[in-house]
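Engineer: Coordinates in entry17.pdb, PDB, C-alpha atoms, pLDDT in the B column, are listed below.
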```pdb
ATOM      1  CA  MET A   1       0.000   0.000   0.000  1.00 66.00           C
ATOM      2  CA  TRP A   2       2.645   2.503   1.078  1.00 72.00           C
ATOM      3  CA  SER A   3       4.917   1.528  -1.796  1.00 73.00           C
ATOM      4  CA  LEU A   4       2.087   2.313  -4.237  1.00 74.00           C
ATOM      5  CA  ILE A   5       1.563   5.712  -2.636  1.00 76.00           C
ATOM      6  CA  ARG A   6       5.308   6.365  -2.854  1.00 76.00           C
ATOM      7  CA  ASN A   7       5.099   5.659  -6.586  1.00 71.00           C
ATOM      8  CA  LEU A   8       2.638   8.535  -6.967  1.00 76.00           C
ATOM      9  CA  PHE A   9       4.664  10.981  -4.863  1.00 78.00           C
ATOM     10  CA  ALA A  10       8.149   9.871  -5.887  1.00 77.00           C
ATOM     11  CA  SER A  11       8.818  12.967  -8.032  1.00 81.00           C
ATOM     12  CA  CYS A  12       8.151  16.663  -7.674  1.00 84.00           C
ATOM     13  CA  PHE A  13       5.734  16.444 -10.588  1.00 85.00           C
ATOM     14  CA  GLY A  14       3.917  13.526  -8.973  1.00 84.00           C
ATOM     15  CA  PHE A  15       3.520  15.447  -5.718  1.00 88.00           C
ATOM     16  CA  ALA A  16       2.309  18.566  -7.562  1.00 89.00           C
ATOM     17  CA  PHE A  17      -0.104  16.519  -9.675  1.00 91.00           C
ATOM     18  CA  MET A  18      -1.685  14.759  -6.703  1.00 90.00           C
ATOM     19  CA  PHE A  19      -1.881  18.055  -4.821  1.00 91.00           C
ATOM     20  CA  ALA A  20      -3.662  19.600  -7.822  1.00 92.00           C
ATOM     21  CA  VAL A  21      -6.050  16.619  -7.915  1.00 92.00           C
ATOM     22  CA  PHE A  22      -6.820  17.141  -4.218  1.00 93.00           C
ATOM     23  CA  ILE A  23      -7.447  20.877  -4.732  1.00 93.00           C
ATOM     24  CA  SER A  24      -9.443  20.346  -7.917  1.00 92.00           C
ATOM     25  CA  SER A  25     -11.631  17.742  -6.199  1.00 92.00           C
ATOM     26  CA  SER A  26     -12.374  20.142  -3.351  1.00 92.00           C
ATOM     27  CA  GLY A  27     -13.390  22.841  -5.827  1.00 92.00           C
ATOM     28  CA  GLN A  28     -15.546  20.531  -7.902  1.00 92.00           C
ATOM     29  CA  ALA A  29     -17.293  19.212  -4.794  1.00 93.00           C
ATOM     30  CA  ILE A  30     -18.361  22.746  -3.928  1.00 93.00           C
ATOM     31  CA  VAL A  31     -19.960  23.169  -7.331  1.00 91.00           C
ATOM     32  CA  ASP A  32     -21.486  19.698  -7.520  1.00 89.00           C
ATOM     33  CA  ASN A  33     -23.143  19.873  -4.105  1.00 91.00           C
ATOM     34  CA  LEU A  34     -23.835  23.560  -3.459  1.00 91.00           C
ATOM     35  CA  VAL A  35     -24.475  25.038  -6.874  1.00 90.00           C
ATOM     36  CA  PHE A  36     -28.263  24.519  -6.853  1.00 91.00           C
ATOM     37  CA  LEU A  37     -28.471  26.472  -3.608  1.00 90.00           C
ATOM     38  CA  TYR A  38     -26.725  29.309  -5.418  1.00 90.00           C
ATOM     39  CA  PHE A  39     -29.024  28.962  -8.432  1.00 91.00           C
ATOM     40  CA  ASP A  40     -31.978  29.242  -6.083  1.00 90.00           C
ATOM     41  CA  PHE A  41     -30.332  32.349  -4.612  1.00 89.00           C
ATOM     42  CA  LEU A  42     -30.153  33.776  -8.151  1.00 89.00           C
ATOM     43  CA  GLY A  43     -33.846  33.089  -8.682  1.00 89.00           C
ATOM     44  CA  SER A  44     -33.585  30.062 -10.960  1.00 85.00           C
ATOM     45  CA  SER A  45     -36.519  27.819 -11.747  1.00 86.00           C
ATOM     46  CA  TYR A  46     -36.243  24.054 -11.384  1.00 88.00           C
ATOM     47  CA  THR A  47     -36.535  23.748 -15.150  1.00 89.00           C
ATOM     48  CA  LEU A  48     -33.406  25.828 -15.690  1.00 87.00           C
ATOM     49  CA  MET A  49     -31.590  23.763 -13.092  1.00 89.00           C
ATOM     50  CA  GLY A  50     -32.462  20.648 -15.081  1.00 90.00           C
ATOM     51  CA  VAL A  51     -31.334  22.255 -18.324  1.00 90.00           C
ATOM     52  CA  SER A  52     -28.001  23.127 -16.702  1.00 89.00           C
ATOM     53  CA  VAL A  53     -27.423  19.439 -15.889  1.00 89.00           C
ATOM     54  CA  VAL A  54     -28.213  18.442 -19.470  1.00 89.00           C
ATOM     55  CA  LEU A  55     -25.638  20.936 -20.725  1.00 88.00           C
ATOM     56  CA  THR A  56     -22.908  19.728 -18.408  1.00 88.00           C
ATOM     57  CA  VAL A  57     -23.412  16.055 -19.276  1.00 86.00           C
ATOM     58  CA  GLY A  58     -23.780  16.863 -22.964  1.00 88.00           C
ATOM     59  CA  PHE A  59     -20.249  18.277 -23.030  1.00 87.00           C
ATOM     60  CA  GLU A  60     -18.716  15.540 -20.885  1.00 89.00           C
ATOM     61  CA  ILE A  61     -19.561  12.696 -23.263  1.00 89.00           C
ATOM     62  CA  PRO A  62     -17.711  13.908 -26.397  1.00 91.00           C
ATOM     63  CA  ILE A  63     -14.664  14.918 -24.359  1.00 91.00           C
ATOM     64  CA  PHE A  64     -14.466  11.467 -22.786  1.00 91.00           C
ATOM     65  CA  HIS A  65     -14.710  10.059 -26.311  1.00 91.00           C
ATOM     66  CA  VAL A  66     -11.648  11.990 -27.518  1.00 92.00           C
ATOM     67  CA  ALA A  67      -9.769  11.715 -24.198  1.00 91.00           C
ATOM     68  CA  PRO A  68      -7.057   9.367 -25.592  1.00 91.00           C
ATOM     69  CA  THR A  69      -6.293  11.884 -28.331  1.00 93.00           C
ATOM     70  CA  LEU A  70      -6.194  14.755 -25.850  1.00 92.00           C
ATOM     71  CA  LEU A  71      -3.829  12.806 -23.607  1.00 92.00           C
ATOM     72  CA  ASN A  72      -1.519  12.116 -26.545  1.00 91.00           C
ATOM     73  CA  ILE A  73      -1.480  15.819 -27.455  1.00 91.00           C
ATOM     74  CA  PHE A  74      -1.281  17.465 -24.042  1.00 90.00           C
ATOM     75  CA  GLY A  75      -0.319  14.768 -21.556  1.00 90.00           C
ATOM     76  CA  SER A  76      -1.972  14.281 -18.166  1.00 90.00           C
ATOM     77  CA  GLY A  77      -0.331  17.331 -16.556  1.00 91.00           C
ATOM     78  CA  TYR A  78      -1.455  19.904 -19.099  1.00 93.00           C
ATOM     79  CA  LEU A  79      -4.882  18.290 -19.407  1.00 93.00           C
ATOM     80  CA  LEU A  80      -5.367  18.751 -15.660  1.00 94.00           C
ATOM     81  CA  LEU A  81      -4.329  22.395 -16.071  1.00 94.00           C
ATOM     82  CA  ILE A  82      -6.941  22.859 -18.802  1.00 94.00           C
ATOM     83  CA  SER A  83      -9.508  21.428 -16.405  1.00 94.00           C
ATOM     84  CA  SER A  84      -8.459  23.869 -13.670  1.00 94.00           C
ATOM     85  CA  VAL A  85      -8.581  26.875 -15.986  1.00 95.00           C
ATOM     86  CA  CYS A  86     -12.114  25.971 -17.074  1.00 94.00           C
ATOM     87  CA  TYR A  87     -13.151  25.582 -13.440  1.00 95.00           C
ATOM     88  CA  ILE A  88     -11.743  28.993 -12.507  1.00 95.00           C
ATOM     89  CA  ILE A  89     -13.513  30.725 -15.401  1.00 95.00           C
ATOM     90  CA  ARG A  90     -16.770  28.995 -14.512  1.00 94.00           C
ATOM     91  CA  VAL A  91     -16.918  29.805 -10.796  1.00 94.00           C
ATOM     92  CA  VAL A  92     -15.673  33.373 -11.235  1.00 95.00           C
ATOM     93  CA  GLY A  93     -18.431  33.753 -13.812  1.00 94.00           C
ATOM     94  CA  TYR A  94     -20.930  32.386 -11.299  1.00 92.00           C
ATOM     95  CA  SER A  95     -19.927  35.021  -8.784  1.00 92.00           C
ATOM     96  CA  LEU A  96     -20.616  37.802 -11.298  1.00 92.00           C
ATOM     97  CA  VAL A  97     -24.069  36.697 -12.487  1.00 91.00           C
ATOM     98  CA  PRO A  98     -26.753  39.195 -11.346  1.00 90.00           C
ATOM     99  CA  ARG A  99     -29.837  37.920  -9.559  1.00 88.00           C
ATOM    100  CA  GLY A 100     -32.650  37.128 -11.944  1.00 83.00           C
ATOM    101  CA  LYS A 101     -30.261  36.593 -14.891  1.00 85.00           C
ATOM    102  CA  MET A 102     -29.982  32.813 -14.764  1.00 84.00           C
ATOM    103  CA  LEU A 103     -29.613  32.481 -18.524  1.00 84.00           C
ATOM    104  CA  TYR A 104     -26.043  33.747 -18.149  1.00 88.00           C
ATOM    105  CA  VAL A 105     -25.306  30.697 -16.038  1.00 89.00           C
ATOM    106  CA  LEU A 106     -26.233  28.405 -18.930  1.00 89.00           C
ATOM    107  CA  LEU A 107     -23.389  29.930 -20.949  1.00 89.00           C
ATOM    108  CA  LEU A 108     -20.953  28.783 -18.256  1.00 91.00           C
ATOM    109  CA  GLU A 109     -22.308  25.263 -17.768  1.00 90.00           C
ATOM    110  CA  PRO A 110     -20.440  23.632 -20.716  1.00 90.00           C
ATOM    111  CA  LEU A 111     -17.216  24.424 -18.854  1.00 92.00           C
ATOM    112  CA  HIS A 112     -18.213  21.892 -16.218  1.00 90.00           C
ATOM    113  CA  GLY A 113     -18.160  19.164 -18.853  1.00 88.00           C
ATOM    114  CA  VAL A 114     -14.634  20.186 -19.851  1.00 91.00           C
ATOM    115  CA  THR A 115     -13.534  20.405 -16.210  1.00 92.00           C
ATOM    116  CA  TYR A 116     -14.851  17.028 -15.139  1.00 92.00           C
ATOM    117  CA  ALA A 117     -13.926  15.059 -18.255  1.00 92.00           C
ATOM    118  CA  CYS A 118     -10.401  16.475 -18.501  1.00 93.00           C
ATOM    119  CA  SER A 119      -9.593  16.105 -14.802  1.00 92.00           C
ATOM    120  CA  SER A 120     -10.947  12.538 -14.648  1.00 92.00           C
ATOM    121  CA  SER A 121      -9.096  11.460 -17.804  1.00 93.00           C
ATOM    122  CA  ALA A 122      -5.851  13.095 -16.718  1.00 93.00           C
ATOM    123  CA  SER A 123      -5.844  11.655 -13.200  1.00 91.00           C
ATOM    124  CA  VAL A 124      -6.785   8.117 -14.263  1.00 91.00           C
ATOM    125  CA  ASP A 125      -4.087   8.140 -16.961  1.00 91.00           C
ATOM    126  CA  PHE A 126      -1.466   9.535 -14.576  1.00 90.00           C
ATOM    127  CA  VAL A 127      -2.064   6.839 -11.967  1.00 88.00           C
ATOM    128  CA  SER A 128      -2.268   3.954 -14.441  1.00 86.00           C
ATOM    129  CA  ASN A 129       1.091   4.933 -15.945  1.00 85.00           C
ATOM    130  CA  LEU A 130       2.803   4.776 -12.536  1.00 82.00           C
ATOM    131  CA  MET A 131       1.236   1.601 -11.196  1.00 82.00           C
ATOM    132  CA  PRO A 132       2.447  -1.933 -11.932  1.00 81.00           C
ATOM    133  CA  SER A 133      -0.064  -3.729 -14.145  1.00 79.00           C
ATOM    134  CA  GLN A 134      -1.255  -5.992 -11.322  1.00 82.00           C
ATOM    135  CA  TYR A 135      -1.931  -2.986  -9.049  1.00 81.00           C
ATOM    136  CA  GLU A 136      -3.733  -0.631 -11.440  1.00 82.00           C
ATOM    137  CA  ALA A 137      -7.074  -1.055  -9.634  1.00 85.00           C
ATOM    138  CA  SER A 138      -5.368  -0.369  -6.289  1.00 86.00           C
ATOM    139  CA  GLY A 139      -3.815   2.764  -7.765  1.00 84.00           C
ATOM    140  CA  GLN A 140      -7.207   4.034  -8.869  1.00 87.00           C
ATOM    141  CA  GLY A 141      -8.491   3.350  -5.359  1.00 88.00           C
ATOM    142  CA  ILE A 142      -5.705   5.508  -3.914  1.00 86.00           C
ATOM    143  CA  LEU A 143      -6.617   8.211  -6.415  1.00 87.00           C
ATOM    144  CA  GLN A 144     -10.240   8.123  -5.267  1.00 88.00           C
ATOM    145  CA  LEU A 145      -9.068   8.287  -1.640  1.00 88.00           C
ATOM    146  CA  PHE A 146      -7.212  11.546  -2.283  1.00 86.00           C
ATOM    147  CA  GLY A 147      -9.979  12.933  -4.459  1.00 89.00           C
ATOM    148  CA  GLY A 148     -12.619  12.038  -1.888  1.00 91.00           C
ATOM    149  CA  SER A 149     -10.574  13.626   0.897  1.00 91.00           C
ATOM    150  CA  GLY A 150     -10.378  16.794  -1.170  1.00 91.00           C
ATOM    151  CA  SER A 151     -14.151  16.722  -1.663  1.00 92.00           C
ATOM    152  CA  ILE A 152     -14.758  16.451   2.097  1.00 93.00           C
ATOM    153  CA  ILE A 153     -12.420  19.346   2.881  1.00 93.00           C
ATOM    154  CA  GLY A 154     -13.897  21.434   0.084  1.00 92.00           C
ATOM    155  CA  LEU A 155     -17.454  20.919   1.294  1.00 92.00           C
ATOM    156  CA  LEU A 156     -16.577  21.697   4.904  1.00 92.00           C
ATOM    157  CA  PHE A 157     -14.891  24.983   4.075  1.00 93.00           C
ATOM    158  CA  GLY A 158     -17.280  25.744   1.216  1.00 92.00           C
ATOM    159  CA  GLY A 159     -20.349  25.398   3.403  1.00 92.00           C
ATOM    160  CA  PHE A 160     -18.738  27.493   6.133  1.00 93.00           C
ATOM    161  CA  ALA A 161     -17.766  30.207   3.630  1.00 92.00           C
ATOM    162  CA  GLN A 162     -21.230  30.266   2.082  1.00 91.00           C
ATOM    163  CA  ASP A 163     -22.842  30.702   5.491  1.00 91.00           C
ATOM    164  CA  HIS A 164     -20.500  33.427   6.718  1.00 92.00           C
ATOM    165  CA  LEU A 165     -19.214  35.147   3.566  1.00 92.00           C
ATOM    166  CA  GLY A 166     -21.965  34.576   1.042  1.00 91.00           C
ATOM    167  CA  PRO A 167     -21.967  32.403  -2.091  1.00 91.00           C
ATOM    168  CA  ARG A 168     -20.332  34.954  -4.402  1.00 93.00           C
ATOM    169  CA  LEU A 169     -17.238  35.370  -2.271  1.00 93.00           C
ATOM    170  CA  MET A 170     -17.187  31.650  -1.583  1.00 94.00           C
ATOM    171  CA  TYR A 171     -16.888  30.871  -5.303  1.00 94.00           C
ATOM    172  CA  GLN A 172     -14.188  33.486  -5.729  1.00 94.00           C
ATOM    173  CA  ILE A 173     -12.192  31.922  -2.895  1.00 94.00           C
ATOM    174  CA  ALA A 174     -12.652  28.486  -4.483  1.00 94.00           C
ATOM    175  CA  ALA A 175     -11.295  29.871  -7.751  1.00 95.00           C
ATOM    176  CA  LEU A 176      -8.288  31.319  -5.934  1.00 95.00           C
ATOM    177  CA  VAL A 177      -7.505  28.022  -4.198  1.00 94.00           C
ATOM    178  CA  VAL A 178      -7.667  26.052  -7.464  1.00 94.00           C
ATOM    179  CA  PHE A 179      -5.531  28.741  -9.102  1.00 95.00           C
ATOM    180  CA  MET A 180      -2.828  28.250  -6.464  1.00 92.00           C
ATOM    181  CA  GLY A 181      -2.810  24.499  -7.064  1.00 90.00           C
ATOM    182  CA  SER A 182      -2.551  25.145 -10.808  1.00 92.00           C
ATOM    183  CA  ILE A 183       0.415  27.478 -10.343  1.00 92.00           C
ATOM    184  CA  PHE A 184       2.274  24.805  -8.384  1.00 90.00           C
ATOM    185  CA  LEU A 185       1.585  22.236 -11.098  1.00 91.00           C
ATOM    186  CA  SER A 186       2.548  24.693 -13.857  1.00 91.00           C
ATOM    187  CA  LEU A 187       5.913  25.372 -12.238  1.00 90.00           C
ATOM    188  CA  THR A 188       6.744  21.681 -12.002  1.00 88.00           C
ATOM    189  CA  LEU A 189       5.667  21.156 -15.616  1.00 87.00           C
ATOM    190  CA  ALA A 190       7.828  24.066 -16.786  1.00 85.00           C
ATOM    191  CA  LEU A 191      10.775  22.847 -14.724  1.00 82.00           C
ATOM    192  CA  GLY A 192      10.344  19.313 -16.025  1.00 72.00           C
ATOM    193  CA  GLN A 193      10.163  20.540 -19.615  1.00 57.00           C
ATOM    194  CA  ALA A 194      13.325  22.606 -19.162  1.00 41.00           C
ATOM    195  CA  LYS A 195      15.124  19.574 -17.712  1.00 47.00           C
ATOM    196  CA  SER A 196      13.851  17.440 -20.585  1.00 42.00           C
ATOM    197  CA  GLU A 197      15.174  19.918 -23.145  1.00 37.00           C
ATOM    198  CA  ILE A 198      18.580  20.032 -21.437  1.00 37.00           C
ATOM    199  CA  HIS A 199      18.635  16.247 -21.292  1.00 41.00           C
ATOM    200  CA  PHE A 200      17.634  16.070 -24.967  1.00 38.00           C
ATOM    201  CA  HIS A 201      20.419  18.424 -26.059  1.00 40.00           C
ATOM    202  CA  ASN A 202      22.937  16.517 -23.944  1.00 47.00           C
ATOM    203  CA  LEU A 203      21.693  13.278 -25.450  1.00 43.00           C
ATOM    204  CA  ILE A 204      22.101  14.645 -28.980  1.00 44.00           C
ATOM    205  CA  ALA A 205      25.588  15.911 -28.166  1.00 47.00           C
ATOM    206  CA  SER A 206      26.632  12.572 -26.680  1.00 54.00           C
ATOM    207  CA  HIS A 207      25.084  10.779 -29.644  1.00 48.00           C
ATOM    208  CA  ASP A 208      27.128  12.907 -32.046  1.00 47.00           C
ATOM    209  CA  LYS A 209      30.305  12.078 -30.112  1.00 48.00           C
ATOM    210  CA  ASP A 210      29.423   8.399 -30.079  1.00 51.00           C
ATOM    211  CA  GLU A 211      28.689   8.538 -33.783  1.00 47.00           C
ATOM    212  CA  ASP A 212      32.085  10.131 -34.504  1.00 48.00           C
ATOM    213  CA  PHE A 213      33.738   7.465 -32.374  1.00 40.00           C
ATOM    214  CA  GLU A 214      31.830   4.705 -34.157  1.00 46.00           C
ATOM    215  CA  MET A 215      32.762   6.099 -37.578  1.00 42.00           C
ATOM    216  CA  THR A 216      36.446   6.199 -36.564  1.00 44.00           C
ATOM    217  CA  GLU A 217      36.133   2.666 -35.274  1.00 43.00           C
ATOM    218  CA  ILE A 218      34.490   1.557 -38.512  1.00 39.00           C
ATOM    219  CA  GLU A 219      37.201   3.236 -40.579  1.00 42.00           C
ATOM    220  CA  ASN A 220      39.892   1.571 -38.485  1.00 45.00           C
ATOM    221  CA  LYS A 221      38.222  -1.805 -38.871  1.00 41.00           C
ATOM    222  CA  LYS A 222      37.823  -1.179 -42.589  1.00 37.00           C
ATOM    223  CA  PHE A 223      41.378  -0.186 -43.412  1.00 33.00           C
ATOM    224  CA  ILE A 224      43.501  -2.091 -40.913  1.00 34.00           C
ATOM    225  CA  PRO A 225      42.537  -5.552 -42.215  1.00 37.00           C
ATOM    226  CA  ALA A 226      43.264  -4.359 -45.749  1.00 38.00           C
ATOM    227  CA  LYS A 227      46.774  -3.314 -44.756  1.00 39.00           C
ATOM    228  CA  THR A 228      47.267  -6.615 -42.962  1.00 37.00           C
ATOM    229  CA  ASN A 229      46.311  -8.539 -46.096  1.00 42.00           C
ATOM    230  CA  GLU A 230      48.703  -6.456 -48.157  1.00 39.00           C
ATOM    231  CA  MET A 231      51.511  -7.283 -45.725  1.00 35.00           C
ATOM    232  CA  HIS A 232      50.589 -10.987 -45.892  1.00 40.00           C
ATOM    233  CA  ASP A 233      50.689 -10.927 -49.675  1.00 43.00           C
ATOM    234  CA  LEU A 234      54.009  -9.129 -49.595  1.00 36.00           C
ATOM    235  CA  THR A 235      55.596 -11.659 -47.241  1.00 37.00           C
ATOM    236  CA  SER A 236      54.214 -14.553 -49.313  1.00 41.00           C
ATOM    237  CA  SER A 237      55.822 -13.240 -52.470  1.00 42.00           C
ATOM    238  CA  LEU A 238      59.112 -12.892 -50.713  1.00 41.00           C
TER     239      LEU A 238
END
```
Could you quickly redo this structure as structure tokens?
Structural biologist:
Amino acid sequence: MWSLIRNLFASCFGFAFMFAVFISSSGQAIVDNLVFLYFDFLGSSYTLMGVSVVLTVGFEIPIFHVAPTLLNIFGSGYLLLISSVCYIIRVVGYSLVPRGKMLYVLLLEPLHGVTYACSSSASVDFVSNLMPSQYEASGQGILQLFGGSGSIIGLLFGGFAQDHLGPRLMYQIAALVVFMGSIFLSLTLALGQAKSEIHFHNLIASHDKDEDFEMTEIENKKFIPAKTNEMHDLTSSL
């Protein structure tokens, strides 16, 4: 169990990724469980609430369908960042919607589909790549443990903030928290990319040196036997 957890946190990127998953889960839990209270605060009808759910699910399905392609293009780290950016835009937009103008909310709801589908695809892919094949299910269980812990913390602080600070400020704080987690992940991604580029250039340089060495070796092997044969022929004639 602990060795599997160490696999996830063994690198700086792994730690930043799992921290971002924890933060993202806390933010999403606030929206998933408290958003209809906010819609009621804005004066929404139950029909509009239902339409909002249809919109969110309608955008999740196609993104899940193309998730393998997105992972190949962006990788799990950048896909999780895309999810966080969409979440931040969505909840900041929520906090700015005037009362009685619920139709504006419907313009923001597709972002939930992007947020959920991208974060789920990225986190599942990240864990499966680090787990031994016989422990992939256990790895996903650990992922759900961290995500669920984030949801509990998010709901505790989200409910407290909504009671004492109001829903608008609560969503702005949630956006700020997810933004901080995204910054941490972005820094590790940028640092990892810089290290990869340095490693790549060093690899190319070493490859060039090895290639020069191999060519010299090939030339030596090519010409030395020829000279040896010439000497053999010369001694035979003598």
Engineer: Taking all listed atoms of stretch 164-181 of chain A, build the axis-aligned box, pad each of the six sides by 4 Å, then write its centre and edge lengths in Å to one decimal as JSON.
Structural biologist:
```
{"center_x": -12.4, "center_y": 29.9, "center_z": -1.2, "size_x": 27.2, "size_y": 18.9, "size_z": 23.8}
```
Engineer: Determine the residue membership of the PyMOL selection byres ((chain A and resi 76) around 10) for the file above and supply it as a PyMOL selection string.
Structural biologist: chain A and resi 17+70-75+77-82+118-127
Engineer: Distance cut-off 12 Å, centre (-13.1, 17.2, 2.4) in file coordinates, counting all atoms listed in the file: which residues qualify? Return them as an mmCIF file with C-alpha atoms, keeping the file's coordinate frame.
Structural biologist:
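The resulting point.cif:
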```
data_model
loop_
_atom_site.group_PDB
_atom_site.id
_atom_site.type_symbol
_atom_site.label_atom_id
_atom_site.label_comp_id
_atom_site.auth_asym_id
_atom_site.auth_seq_id
_atom_site.Cartn_x
_atom_site.Cartn_y
_atom_site.Cartn_z
ATOM 1 C CA PHE A 22 -6.820 17.141 -4.218
ATOM 2 C CA ILE A 23 -7.447 20.877 -4.732
ATOM 3 C CA SER A 24 -9.443 20.346 -7.917
ATOM 4 C CA SER A 25 -11.631 17.742 -6.199
ATOM 5 C CA SER A 26 -12.374 20.142 -3.351
ATOM 6 C CA GLY A 27 -13.390 22.841 -5.827
ATOM 7 C CA GLN A 28 -15.546 20.531 -7.902
ATOM 8 C CA ALA A 29 -17.293 19.212 -4.794
ATOM 9 C CA ILE A 30 -18.361 22.746 -3.928
ATOM 10 C CA LEU A 145 -9.068 8.287 -1.640
ATOM 11 C CA PHE A 146 -7.212 11.546 -2.283
ATOM 12 C CA GLY A 147 -9.979 12.933 -4.459
ATOM 13 C CA GLY A 148 -12.619 12.038 -1.888
ATOM 14 C CA SER A 149 -10.574 13.626 0.897
ATOM 15 C CA GLY A 150 -10.378 16.794 -1.170
ATOM 16 C CA SER A 151 -14.151 16.722 -1.663
ATOM 17 C CA ILE A 152 -14.758 16.451 2.097
ATOM 18 C CA ILE A 153 -12.420 19.346 2.881
ATOM 19 C CA GLY A 154 -13.897 21.434 0.084
ATOM 20 C CA LEU A 155 -17.454 20.919 1.294
ATOM 21 C CA LEU A 156 -16.577 21.697 4.904
ATOM 22 C CA PHE A 157 -14.891 24.983 4.075
ATOM 23 C CA GLY A 158 -17.280 25.744 1.216
ATOM 24 C CA GLY A 159 -20.349 25.398 3.403
#
```
Engineer: Using only C-alpha atoms for the distances, tell me which of A:Arg168, A:Leu130, A:Phe64, A:Phe39 is nearest to A:Arg6.
Structural biologist: A:Leu130
Engineer: What is the atom CA of A:Arg99-atom CA of A:Pro167 distance in Å, reported with one decimal?
Structural biologist: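 Atom CA of A:Pro167 lies 12.2 Å from atom CA of A:Arg99.
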Engineer: Restricting the calculation to only C-alpha atoms, which member of A:Met102, A:Met131, A:Leu191, A:Leu8 is positioned closest to A:Asp40?
Structural biologist: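 Nearest to A:Asp40: A:Met102.
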Engineer: Between A:Phe179, A:Tyr46, A:Phe184, A:Phe19, which is the closest to A:Ser83 once you count all atoms listed in the file?
Structural biologist: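 Among the listed residues, A:Phe179 lies closest to A:Ser83.
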Engineer: Counting only C-alpha atoms, which of A:Ser52, A:Asn7, A:Gly141, A:Leu108 gets nearest to A:Ser95?
Structural biologist: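 When distances to A:Ser95 are compared using only C-alpha atoms, the smallest one comes from A:Leu108.
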Engineer: What does the structure give for the distance between atom CA of A:Gly100 and atom CA of A:Leu42, in Å to one decimal?
Structural biologist: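 These two atoms are separated by 5.6 Å.
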Engineer: For A:Thr56, which of A:Val92, A:Ser11, A:Leu103, A:Glu109 is the closest residue, counting all atoms listed in the file?
Structural biologist: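 Result for the nearest residue to A:Thr56: A:Glu109.
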Engineer: From the coordinates supplied, stretch 76-87 of chain A should be written with N, CA, C and O atoms, as a PDB file, in the first residue's frame.
Structural biologist:
```pdb
ATOM      1  N   SER A  76      -1.080  14.188 -19.326  1.00  0.00           N
ATOM      2  CA  SER A  76      -1.972  14.281 -18.166  1.00  0.00           C
ATOM      3  C   SER A  76      -1.799  15.590 -17.404  1.00  0.00           C
ATOM      4  O   SER A  76      -2.770  16.160 -16.898  1.00  0.00           O
ATOM      5  N   GLY A  77      -0.569  16.103 -17.315  1.00  0.00           N
ATOM      6  CA  GLY A  77      -0.331  17.331 -16.556  1.00  0.00           C
ATOM      7  C   GLY A  77      -1.027  18.535 -17.162  1.00  0.00           C
ATOM      8  O   GLY A  77      -1.750  19.266 -16.472  1.00  0.00           O
ATOM      9  N   TYR A  78      -0.841  18.745 -18.449  1.00  0.00           N
ATOM     10  CA  TYR A  78      -1.455  19.904 -19.099  1.00  0.00           C
ATOM     11  C   TYR A  78      -2.965  19.740 -19.230  1.00  0.00           C
ATOM     12  O   TYR A  78      -3.706  20.730 -19.210  1.00  0.00           O
ATOM     13  N   LEU A  79      -3.432  18.498 -19.345  1.00  0.00           N
ATOM     14  CA  LEU A  79      -4.882  18.290 -19.407  1.00  0.00           C
ATOM     15  C   LEU A  79      -5.529  18.644 -18.073  1.00  0.00           C
ATOM     16  O   LEU A  79      -6.633  19.209 -18.042  1.00  0.00           O
ATOM     17  N   LEU A  80      -4.846  18.346 -16.965  1.00  0.00           N
ATOM     18  CA  LEU A  80      -5.367  18.751 -15.660  1.00  0.00           C
ATOM     19  C   LEU A  80      -5.353  20.276 -15.513  1.00  0.00           C
ATOM     20  O   LEU A  80      -6.263  20.852 -14.905  1.00  0.00           O
ATOM     21  N   LEU A  81      -4.361  20.920 -16.089  1.00  0.00           N
ATOM     22  CA  LEU A  81      -4.329  22.395 -16.071  1.00  0.00           C
ATOM     23  C   LEU A  81      -5.494  22.983 -16.860  1.00  0.00           C
ATOM     24  O   LEU A  81      -6.100  23.974 -16.441  1.00  0.00           O
ATOM     25  N   ILE A  82      -5.793  22.399 -18.013  1.00  0.00           N
ATOM     26  CA  ILE A  82      -6.941  22.859 -18.802  1.00  0.00           C
ATOM     27  C   ILE A  82      -8.214  22.739 -17.979  1.00  0.00           C
ATOM     28  O   ILE A  82      -9.065  23.639 -17.970  1.00  0.00           O
ATOM     29  N   SER A  83      -8.347  21.623 -17.268  1.00  0.00           N
ATOM     30  CA  SER A  83      -9.508  21.428 -16.405  1.00  0.00           C
ATOM     31  C   SER A  83      -9.600  22.518 -15.344  1.00  0.00           C
ATOM     32  O   SER A  83     -10.683  23.079 -15.095  1.00  0.00           O
ATOM     33  N   SER A  84      -8.467  22.857 -14.733  1.00  0.00           N
ATOM     34  CA  SER A  84      -8.459  23.869 -13.670  1.00  0.00           C
ATOM     35  C   SER A  84      -8.801  25.251 -14.212  1.00  0.00           C
ATOM     36  O   SER A  84      -9.529  26.010 -13.564  1.00  0.00           O
ATOM     37  N   VAL A  85      -8.284  25.569 -15.383  1.00  0.00           N
ATOM     38  CA  VAL A  85      -8.581  26.875 -15.986  1.00  0.00           C
ATOM     39  C   VAL A  85     -10.072  26.999 -16.270  1.00  0.00           C
ATOM     40  O   VAL A  85     -10.692  28.047 -16.007  1.00  0.00           O
ATOM     41  N   CYS A  86     -10.670  25.946 -16.800  1.00  0.00           N
ATOM     42  CA  CYS A  86     -12.114  25.971 -17.074  1.00  0.00           C
ATOM     43  C   CYS A  86     -12.913  26.120 -15.782  1.00  0.00           C
ATOM     44  O   CYS A  86     -13.930  26.838 -15.745  1.00  0.00           O
ATOM     45  N   TYR A  87     -12.463  25.454 -14.727  1.00  0.00           N
ATOM     46  CA  TYR A  87     -13.151  25.582 -13.440  1.00  0.00           C
ATOM     47  C   TYR A  87     -13.085  27.022 -12.930  1.00  0.00           C
ATOM     48  O   TYR A  87     -14.093  27.579 -12.468  1.00  0.00           O
TER      49      TYR A  87
END
```
